[in-house]
Amino acid sequence: MTLTGPDPAGGSGNLLTDRPDLYELRFPDPEHIAARWVEDVLRRHGAGPRVLDAGCGTGRDAAHLHRAGRRVTGVDLSTTMLAHARAHHPGPDYLWADLRAFDLRRTVDAVVCLDSALLYCHTNRELEGFLASCRHHLAPGGLLVAEMRNGAFFLGRTELLDGPRTTSFTVEGVTHTSVTTLWVDRAAQLLRRRRVWTADDGSPAVEQRSAWRLLFPQELRLLLATAGFEVLELHDGPGPRTDPPWRPGDPGNPGPAGRADGDRLHLVARLLPRAHP
């Protein structure tokens with residue numbers, strides 16, 4: 001998934017947004033765990049076939065849901081990602097949209113927002129704009145399914161903040177290395193990230209700065225209730241990015257008051273009839 005807008009902290013570029021092929025190599029999902037988890041959630045809660053993948057990125061999850069029989073619209077702010085999705089993961093209808101406020105002039109049965117895409121809405125106003133846009137597009141009783149970093153994880157936990165993390169991968173003989181540093185901006189309630197990419201082919205280093213809003217479970221419940229949603233599930237997994245990840249057959253539906261100790265949070269909410277225009 002890609003950024004839904006410029007980071008207020010600034011930055012000089014986003015290598016993985018500009019190179020969707022590298023994004024899929026850096027974050028492989030050969031078993032389509034993310035999309036299969038979504039399909040399991042949609043089936044368990046009886047969602048209709050029309051799905052909006054908000055922050056669809058390279059389109060691989062949207063395309064898998066399409067192959068499962070869903071009528072999928074994928075939206076993203078990155079035109080590069082959208083071009084890659086159309087070329088490499090055909091089937092869904094891919095459109096440009098800013099998650100903070102969008103109007104696609106269509107109705108869907110579920111909005112799916114994976115890989116912390118929702119958390120690129122940094123302010124309360126942006127979060128309210130996203131939820132209002134979801135409400136506008138969802139059919140009565142429609143679902144919002146989201147997977148994201150868990151703000152509560154950082155209460156007393158520092159293992160993701162204690163030092164830079166270095167990862168490397170090689171493609172077409174070129175080794176790409178990233179050094180990532182995370183820190184918490186408490187005043188803005190953001191988890192900020194600085195990532196510097198280097199390659200052994202002599203190309204210049206690329207610095208990326210981005211941030212995620214840190215949402216706490218009770219805060220998220222309040223935002224959803226205010227927007228007219230009923231929380232059906234809210235828990236720390238298993239999910240697509242947990243360790244171990246979700247697998248078919250895992251017990252689902254931990255209920256609206258599941259555990260929230262892990263670093264990922266999984267949300268399923270239903271639009272209440274009175275909230276629909």
# chains A, B, ... in the order shown; residues from 1 in each chain; ligands from 1

$ residues_around --residues "Pro92 in chain A" --least-positions-apart "3" --cutoff "9 Å" --atoms "only C-alpha atoms" --output "MDAnalysis selection string"
chainID A and resid 59 62:63 65:66 70:74 85:86 89

$ write_last_selection --atoms "all heavy atoms" --output "mmCIF file, in the first residue's frame"
data_model
loop_
_atom_site.group_PDB
_atom_site.id
_atom_site.type_symbol
_atom_site.label_atom_id
_atom_site.label_comp_id
_atom_site.auth_asym_id
_atom_site.auth_seq_id
_atom_site.Cartn_x
_atom_site.Cartn_y
_atom_site.Cartn_z
ATOM 1 N N GLY A 59 -1.890 -3.678 -6.553
ATOM 2 C CA GLY A 59 -3.077 -4.339 -7.072
ATOM 3 C C GLY A 59 -3.132 -5.838 -6.873
ATOM 4 O O GLY A 59 -4.106 -6.481 -7.255
ATOM 5 N N ALA A 62 -6.195 -6.801 -4.684
ATOM 6 C CA ALA A 62 -7.429 -6.536 -5.415
ATOM 7 C C ALA A 62 -7.649 -7.593 -6.492
ATOM 8 O O ALA A 62 -8.776 -8.080 -6.684
ATOM 9 C CB ALA A 62 -7.380 -5.141 -6.037
ATOM 10 N N ALA A 63 -6.581 -7.957 -7.209
ATOM 11 C CA ALA A 63 -6.705 -8.939 -8.278
ATOM 12 C C ALA A 63 -7.081 -10.315 -7.729
ATOM 13 O O ALA A 63 -7.870 -11.054 -8.341
ATOM 14 C CB ALA A 63 -5.404 -9.023 -9.069
ATOM 15 N N LEU A 65 -8.845 -10.913 -5.004
ATOM 16 C CA LEU A 65 -10.262 -10.848 -4.651
ATOM 17 C C LEU A 65 -11.131 -10.904 -5.904
ATOM 18 O O LEU A 65 -12.213 -11.501 -5.895
ATOM 19 C CB LEU A 65 -10.543 -9.573 -3.860
ATOM 20 C CG LEU A 65 -9.936 -9.516 -2.459
ATOM 21 C CD1 LEU A 65 -10.077 -8.121 -1.873
ATOM 22 C CD2 LEU A 65 -10.581 -10.547 -1.540
ATOM 23 N N HIS A 66 -10.665 -10.292 -6.980
ATOM 24 C CA HIS A 66 -11.381 -10.373 -8.261
ATOM 25 C C HIS A 66 -11.463 -11.822 -8.735
ATOM 26 O O HIS A 66 -12.538 -12.286 -9.165
ATOM 27 C CB HIS A 66 -10.662 -9.503 -9.294
ATOM 28 C CG HIS A 66 -11.150 -9.675 -10.692
ATOM 29 N ND1 HIS A 66 -12.291 -9.065 -11.164
ATOM 30 C CD2 HIS A 66 -10.652 -10.407 -11.731
ATOM 31 C CE1 HIS A 66 -12.480 -9.388 -12.432
ATOM 32 N NE2 HIS A 66 -11.504 -10.215 -12.791
ATOM 33 N N ARG A 70 -15.174 -11.503 -6.642
ATOM 34 C CA ARG A 70 -15.621 -10.179 -6.203
ATOM 35 C C ARG A 70 -15.553 -9.189 -7.367
ATOM 36 O O ARG A 70 -14.741 -9.335 -8.274
ATOM 37 C CB ARG A 70 -14.745 -9.683 -5.057
ATOM 38 C CG ARG A 70 -14.684 -10.618 -3.859
ATOM 39 C CD ARG A 70 -15.894 -10.513 -2.992
ATOM 40 N NE ARG A 70 -15.901 -11.519 -1.931
ATOM 41 C CZ ARG A 70 -16.896 -11.669 -1.053
ATOM 42 N NH1 ARG A 70 -17.941 -10.843 -1.111
ATOM 43 N NH2 ARG A 70 -16.841 -12.605 -0.130
ATOM 44 N N ARG A 71 -16.399 -8.170 -7.309
ATOM 45 C CA ARG A 71 -16.327 -7.050 -8.244
ATOM 46 C C ARG A 71 -15.550 -5.940 -7.538
ATOM 47 O O ARG A 71 -16.078 -5.270 -6.650
ATOM 48 C CB ARG A 71 -17.724 -6.584 -8.663
ATOM 49 C CG ARG A 71 -18.513 -7.675 -9.371
ATOM 50 C CD ARG A 71 -19.613 -7.097 -10.228
ATOM 51 N NE ARG A 71 -20.608 -6.351 -9.467
ATOM 52 C CZ ARG A 71 -21.680 -6.881 -8.900
ATOM 53 N NH1 ARG A 71 -21.893 -8.190 -8.998
ATOM 54 N NH2 ARG A 71 -22.537 -6.134 -8.243
ATOM 55 N N VAL A 72 -14.308 -5.755 -7.922
ATOM 56 C CA VAL A 72 -13.363 -4.982 -7.126
ATOM 57 C C VAL A 72 -13.001 -3.673 -7.820
ATOM 58 O O VAL A 72 -12.718 -3.649 -9.023
ATOM 59 C CB VAL A 72 -12.077 -5.787 -6.854
ATOM 60 C CG1 VAL A 72 -11.140 -5.006 -5.934
ATOM 61 C CG2 VAL A 72 -12.410 -7.151 -6.241
ATOM 62 N N THR A 73 -13.007 -2.604 -7.032
ATOM 63 C CA THR A 73 -12.441 -1.324 -7.427
ATOM 64 C C THR A 73 -11.239 -1.062 -6.533
ATOM 65 O O THR A 73 -11.351 -1.111 -5.306
ATOM 66 C CB THR A 73 -13.456 -0.178 -7.260
ATOM 67 O OG1 THR A 73 -14.613 -0.446 -8.056
ATOM 68 C CG2 THR A 73 -12.844 1.156 -7.678
ATOM 69 N N GLY A 74 -10.084 -0.803 -7.138
ATOM 70 C CA GLY A 74 -8.894 -0.464 -6.372
ATOM 71 C C GLY A 74 -8.577 1.006 -6.545
ATOM 72 O O GLY A 74 -8.611 1.522 -7.668
ATOM 73 N N ALA A 85 -0.520 -1.860 -11.395
ATOM 74 C CA ALA A 85 -1.656 -2.721 -11.115
ATOM 75 C C ALA A 85 -2.410 -3.067 -12.396
ATOM 76 O O ALA A 85 -2.770 -4.236 -12.632
ATOM 77 C CB ALA A 85 -2.590 -2.035 -10.116
ATOM 78 N N ARG A 86 -2.653 -2.064 -13.230
ATOM 79 C CA ARG A 86 -3.389 -2.319 -14.480
ATOM 80 C C ARG A 86 -2.616 -3.273 -15.392
ATOM 81 O O ARG A 86 -3.218 -4.118 -16.075
ATOM 82 C CB ARG A 86 -3.662 -1.000 -15.197
ATOM 83 C CG ARG A 86 -4.605 -0.072 -14.435
ATOM 84 C CD ARG A 86 -4.907 1.198 -15.226
ATOM 85 N NE ARG A 86 -5.696 2.131 -14.421
ATOM 86 C CZ ARG A 86 -5.244 3.293 -13.948
ATOM 87 N NH1 ARG A 86 -3.994 3.673 -14.222
ATOM 88 N NH2 ARG A 86 -6.020 4.070 -13.217
ATOM 89 N N HIS A 89 -1.736 -6.815 -12.687
ATOM 90 C CA HIS A 89 -2.792 -7.459 -11.906
ATOM 91 C C HIS A 89 -4.154 -7.024 -12.433
ATOM 92 O O HIS A 89 -4.935 -6.367 -11.738
ATOM 93 C CB HIS A 89 -2.634 -7.095 -10.428
ATOM 94 C CG HIS A 89 -1.309 -7.509 -9.846
ATOM 95 N ND1 HIS A 89 -0.977 -8.829 -9.641
ATOM 96 C CD2 HIS A 89 -0.233 -6.779 -9.458
ATOM 97 C CE1 HIS A 89 0.251 -8.899 -9.132
ATOM 98 N NE2 HIS A 89 0.724 -7.673 -9.017
#

$ select_by_dssp --residues "range 13-251 of chain A" --states "alpha helix (DSSP H)" --output "JSON, numbers by chain"
{"A": [15, 16, 17, 18, 20, 21, 22, 23, 24, 25, 26, 33, 34, 35, 36, 37, 38, 39, 40, 41, 42, 43, 44, 60, 61, 62, 63, 64, 65, 66, 67, 79, 80, 81, 82, 83, 84, 85, 86, 87, 88, 124, 125, 126, 127, 128, 129, 130, 131, 132, 133, 134, 135, 136, 137, 217, 218, 219, 220, 221, 222, 223, 224, 225, 226, 227]}

$ select_by_dssp --residues "range 120-185 of chain A" --states "strand (DSSP E)" --output "NGL selection string"
:A and (138-149 or 165-171 or 174-185)

$ residues_around --residues "Val112 in chain A" --least-positions-apart "4" --cutoff "12 Å" --atoms "only C-alpha atoms" --output "VMD selection string"
chain A and resid 1 34 to 35 37 to 39 41 to 42 47 50 to 56 61 to 62 65 72 to 75 99 108 116 to 118 134 138 142 to 148 266 to 269

$ closest_atom_pairs --of "range 105-142 of chain A" --to "range 227-232 of chain A" --cutoff "12 Å" --atoms "only C-alpha atoms" --output "CSV"
residue,atom,partner,partner_atom,distance
A:Leu127,CA,A:Ala227,CA,10.1
A:Glu128,CA,A:Ala227,CA,7.5
A:Gly129,CA,A:Ala227,CA,9.8
A:Phe130,CA,A:Ala227,CA,9.9
A:Leu131,CA,A:Ala227,CA,6.4
A:Ala132,CA,A:Ala227,CA,6.8
A:Ser133,CA,A:Ala227,CA,10.2
A:Cys134,CA,A:Ala227,CA,9.5
A:Arg135,CA,A:Ala227,CA,7.7
A:His136,CA,A:Ala227,CA,10.7
A:Leu138,CA,A:Phe229,CA,11.0
A:Pro140,CA,A:Phe229,CA,10.7
A:Gly141,CA,A:Phe229,CA,9.1
A:Gly142,CA,A:Phe229,CA,9.4

$ write_last_selection --atoms "all heavy atoms" --output "mmCIF file, in the first residue's frame"
data_model
loop_
_atom_site.group_PDB
_atom_site.id
_atom_site.type_symbol
_atom_site.label_atom_id
_atom_site.label_comp_id
_atom_site.auth_asym_id
_atom_site.auth_seq_id
_atom_site.Cartn_x
_atom_site.Cartn_y
_atom_site.Cartn_z
ATOM 1 N N LEU A 127 -9.031 11.532 9.258
ATOM 2 C CA LEU A 127 -9.687 10.275 9.604
ATOM 3 C C LEU A 127 -11.199 10.383 9.440
ATOM 4 O O LEU A 127 -11.852 9.464 8.914
ATOM 5 C CB LEU A 127 -9.341 9.891 11.041
ATOM 6 C CG LEU A 127 -7.916 9.383 11.273
ATOM 7 C CD1 LEU A 127 -7.567 9.440 12.749
ATOM 8 C CD2 LEU A 127 -7.756 7.965 10.739
ATOM 9 N N GLU A 128 -11.758 11.492 9.869
ATOM 10 C CA GLU A 128 -13.199 11.703 9.702
ATOM 11 C C GLU A 128 -13.572 11.761 8.224
ATOM 12 O O GLU A 128 -14.614 11.247 7.815
ATOM 13 C CB GLU A 128 -13.609 12.994 10.410
ATOM 14 C CG GLU A 128 -13.549 12.895 11.936
ATOM 15 C CD GLU A 128 -13.577 14.258 12.607
ATOM 16 O OE1 GLU A 128 -13.628 15.285 11.890
ATOM 17 O OE2 GLU A 128 -13.542 14.294 13.856
ATOM 18 N N GLY A 129 -12.691 12.360 7.401
ATOM 19 C CA GLY A 129 -12.947 12.408 5.968
ATOM 20 C C GLY A 129 -12.936 11.030 5.343
ATOM 21 O O GLY A 129 -13.774 10.708 4.486
ATOM 22 N N PHE A 130 -11.988 10.182 5.773
ATOM 23 C CA PHE A 130 -11.948 8.813 5.264
ATOM 24 C C PHE A 130 -13.211 8.054 5.642
ATOM 25 O O PHE A 130 -13.848 7.398 4.793
ATOM 26 C CB PHE A 130 -10.713 8.090 5.790
ATOM 27 C CG PHE A 130 -10.718 6.609 5.513
ATOM 28 C CD1 PHE A 130 -10.457 6.132 4.249
ATOM 29 C CD2 PHE A 130 -10.999 5.696 6.520
ATOM 30 C CE1 PHE A 130 -10.477 4.762 3.975
ATOM 31 C CE2 PHE A 130 -11.014 4.337 6.265
ATOM 32 C CZ PHE A 130 -10.752 3.869 4.995
ATOM 33 N N LEU A 131 -13.604 8.125 6.909
ATOM 34 C CA LEU A 131 -14.781 7.386 7.360
ATOM 35 C C LEU A 131 -16.057 7.913 6.706
ATOM 36 O O LEU A 131 -16.960 7.140 6.373
ATOM 37 C CB LEU A 131 -14.884 7.432 8.878
ATOM 38 C CG LEU A 131 -13.781 6.665 9.625
ATOM 39 C CD1 LEU A 131 -13.893 6.909 11.131
ATOM 40 C CD2 LEU A 131 -13.843 5.172 9.325
ATOM 41 N N ALA A 132 -16.131 9.222 6.516
ATOM 42 C CA ALA A 132 -17.296 9.786 5.823
ATOM 43 C C ALA A 132 -17.351 9.298 4.380
ATOM 44 O O ALA A 132 -18.434 8.996 3.847
ATOM 45 C CB ALA A 132 -17.243 11.309 5.872
ATOM 46 N N SER A 133 -16.188 9.198 3.725
ATOM 47 C CA SER A 133 -16.154 8.690 2.358
ATOM 48 C C SER A 133 -16.567 7.224 2.313
ATOM 49 O O SER A 133 -17.294 6.807 1.400
ATOM 50 C CB SER A 133 -14.748 8.874 1.768
ATOM 51 O OG SER A 133 -14.393 10.238 1.697
ATOM 52 N N CYS A 134 -16.106 6.430 3.282
ATOM 53 C CA CYS A 134 -16.540 5.028 3.358
ATOM 54 C C CYS A 134 -18.053 4.950 3.531
ATOM 55 O O CYS A 134 -18.729 4.171 2.841
ATOM 56 C CB CYS A 134 -15.841 4.324 4.516
ATOM 57 S SG CYS A 134 -14.070 4.073 4.298
ATOM 58 N N ARG A 135 -18.577 5.736 4.452
ATOM 59 C CA ARG A 135 -20.019 5.740 4.713
ATOM 60 C C ARG A 135 -20.800 6.110 3.450
ATOM 61 O O ARG A 135 -21.835 5.523 3.146
ATOM 62 C CB ARG A 135 -20.318 6.721 5.836
ATOM 63 C CG ARG A 135 -21.770 6.714 6.314
ATOM 64 C CD ARG A 135 -21.939 7.615 7.528
ATOM 65 N NE ARG A 135 -21.707 9.013 7.198
ATOM 66 C CZ ARG A 135 -20.765 9.781 7.747
ATOM 67 N NH1 ARG A 135 -19.945 9.273 8.653
ATOM 68 N NH2 ARG A 135 -20.625 11.038 7.404
ATOM 69 N N HIS A 136 -20.284 7.065 2.699
ATOM 70 C CA HIS A 136 -20.950 7.521 1.481
ATOM 71 C C HIS A 136 -21.011 6.420 0.425
ATOM 72 O O HIS A 136 -21.978 6.342 -0.346
ATOM 73 C CB HIS A 136 -20.210 8.738 0.928
ATOM 74 C CG HIS A 136 -20.718 9.233 -0.374
ATOM 75 N ND1 HIS A 136 -21.943 9.853 -0.508
ATOM 76 C CD2 HIS A 136 -20.166 9.198 -1.621
ATOM 77 C CE1 HIS A 136 -22.128 10.181 -1.781
ATOM 78 N NE2 HIS A 136 -21.063 9.796 -2.468
ATOM 79 N N LEU A 138 -20.659 2.956 1.005
ATOM 80 C CA LEU A 138 -21.113 1.642 1.445
ATOM 81 C C LEU A 138 -22.628 1.505 1.349
ATOM 82 O O LEU A 138 -23.380 2.418 1.687
ATOM 83 C CB LEU A 138 -20.678 1.380 2.888
ATOM 84 C CG LEU A 138 -19.230 0.941 3.091
ATOM 85 C CD1 LEU A 138 -18.871 0.977 4.575
ATOM 86 C CD2 LEU A 138 -19.003 -0.461 2.521
ATOM 87 N N PRO A 140 -26.181 -0.057 2.722
ATOM 88 C CA PRO A 140 -26.614 -0.282 4.110
ATOM 89 C C PRO A 140 -26.118 -1.629 4.632
ATOM 90 O O PRO A 140 -26.240 -2.650 3.957
ATOM 91 C CB PRO A 140 -28.143 -0.243 3.997
ATOM 92 C CG PRO A 140 -28.411 0.615 2.802
ATOM 93 C CD PRO A 140 -27.297 0.315 1.839
ATOM 94 N N GLY A 141 -25.534 -1.630 5.809
ATOM 95 C CA GLY A 141 -25.002 -2.858 6.384
ATOM 96 C C GLY A 141 -23.650 -3.254 5.844
ATOM 97 O O GLY A 141 -23.139 -4.340 6.173
ATOM 98 N N GLY A 142 -23.036 -2.386 5.023
ATOM 99 C CA GLY A 142 -21.740 -2.708 4.437
ATOM 100 C C GLY A 142 -20.639 -2.755 5.476
ATOM 101 O O GLY A 142 -20.761 -2.232 6.597
#

$ residues_around --residues "Trp197 in chain A" --least-positions-apart "3" --cutoff "9 Å" --atoms "only C-alpha atoms" --output "PyMOL selection string"
chain A and resi 15+176-180+204-208

$ atom_distance --atom1 "CA of Cys113 in chain A" --atom2 "CA of Trp246 in chain A"
16.8 Å

$ closest_residue --among "A:Glu219, A:Asp162, A:Asp115, A:Asp201" --to "Arg264 in chain A" --atoms "only C-alpha atoms"
A:Asp115

$ closest_atom_pairs --of "range 199-245 of chain A" --to "range 154-157 of chain A" --cutoff "12 Å" --atoms "only C-alpha atoms" --output "tab-separated table"
residue	atom	partner	partner_atom	distance
A:Leu214	CA	A:Phe154	CA	8.9
A:Leu215	CA	A:Phe154	CA	10.4
A:Phe216	CA	A:Phe154	CA	9.8

$ residues_around --residues "Trp212 in chain A" --least-positions-apart "2" --cutoff "10 Å" --atoms "only C-alpha atoms" --output "ChimeraX atom specification"
/A:3,7,116-122,148-149,151,184,189-193,210,214-215

$ closest_residue --among "A:Glu159, A:Thr175, A:Leu104, A:Arg274" --to "Ala225 in chain A" --atoms "only C-alpha atoms"
A:Arg274
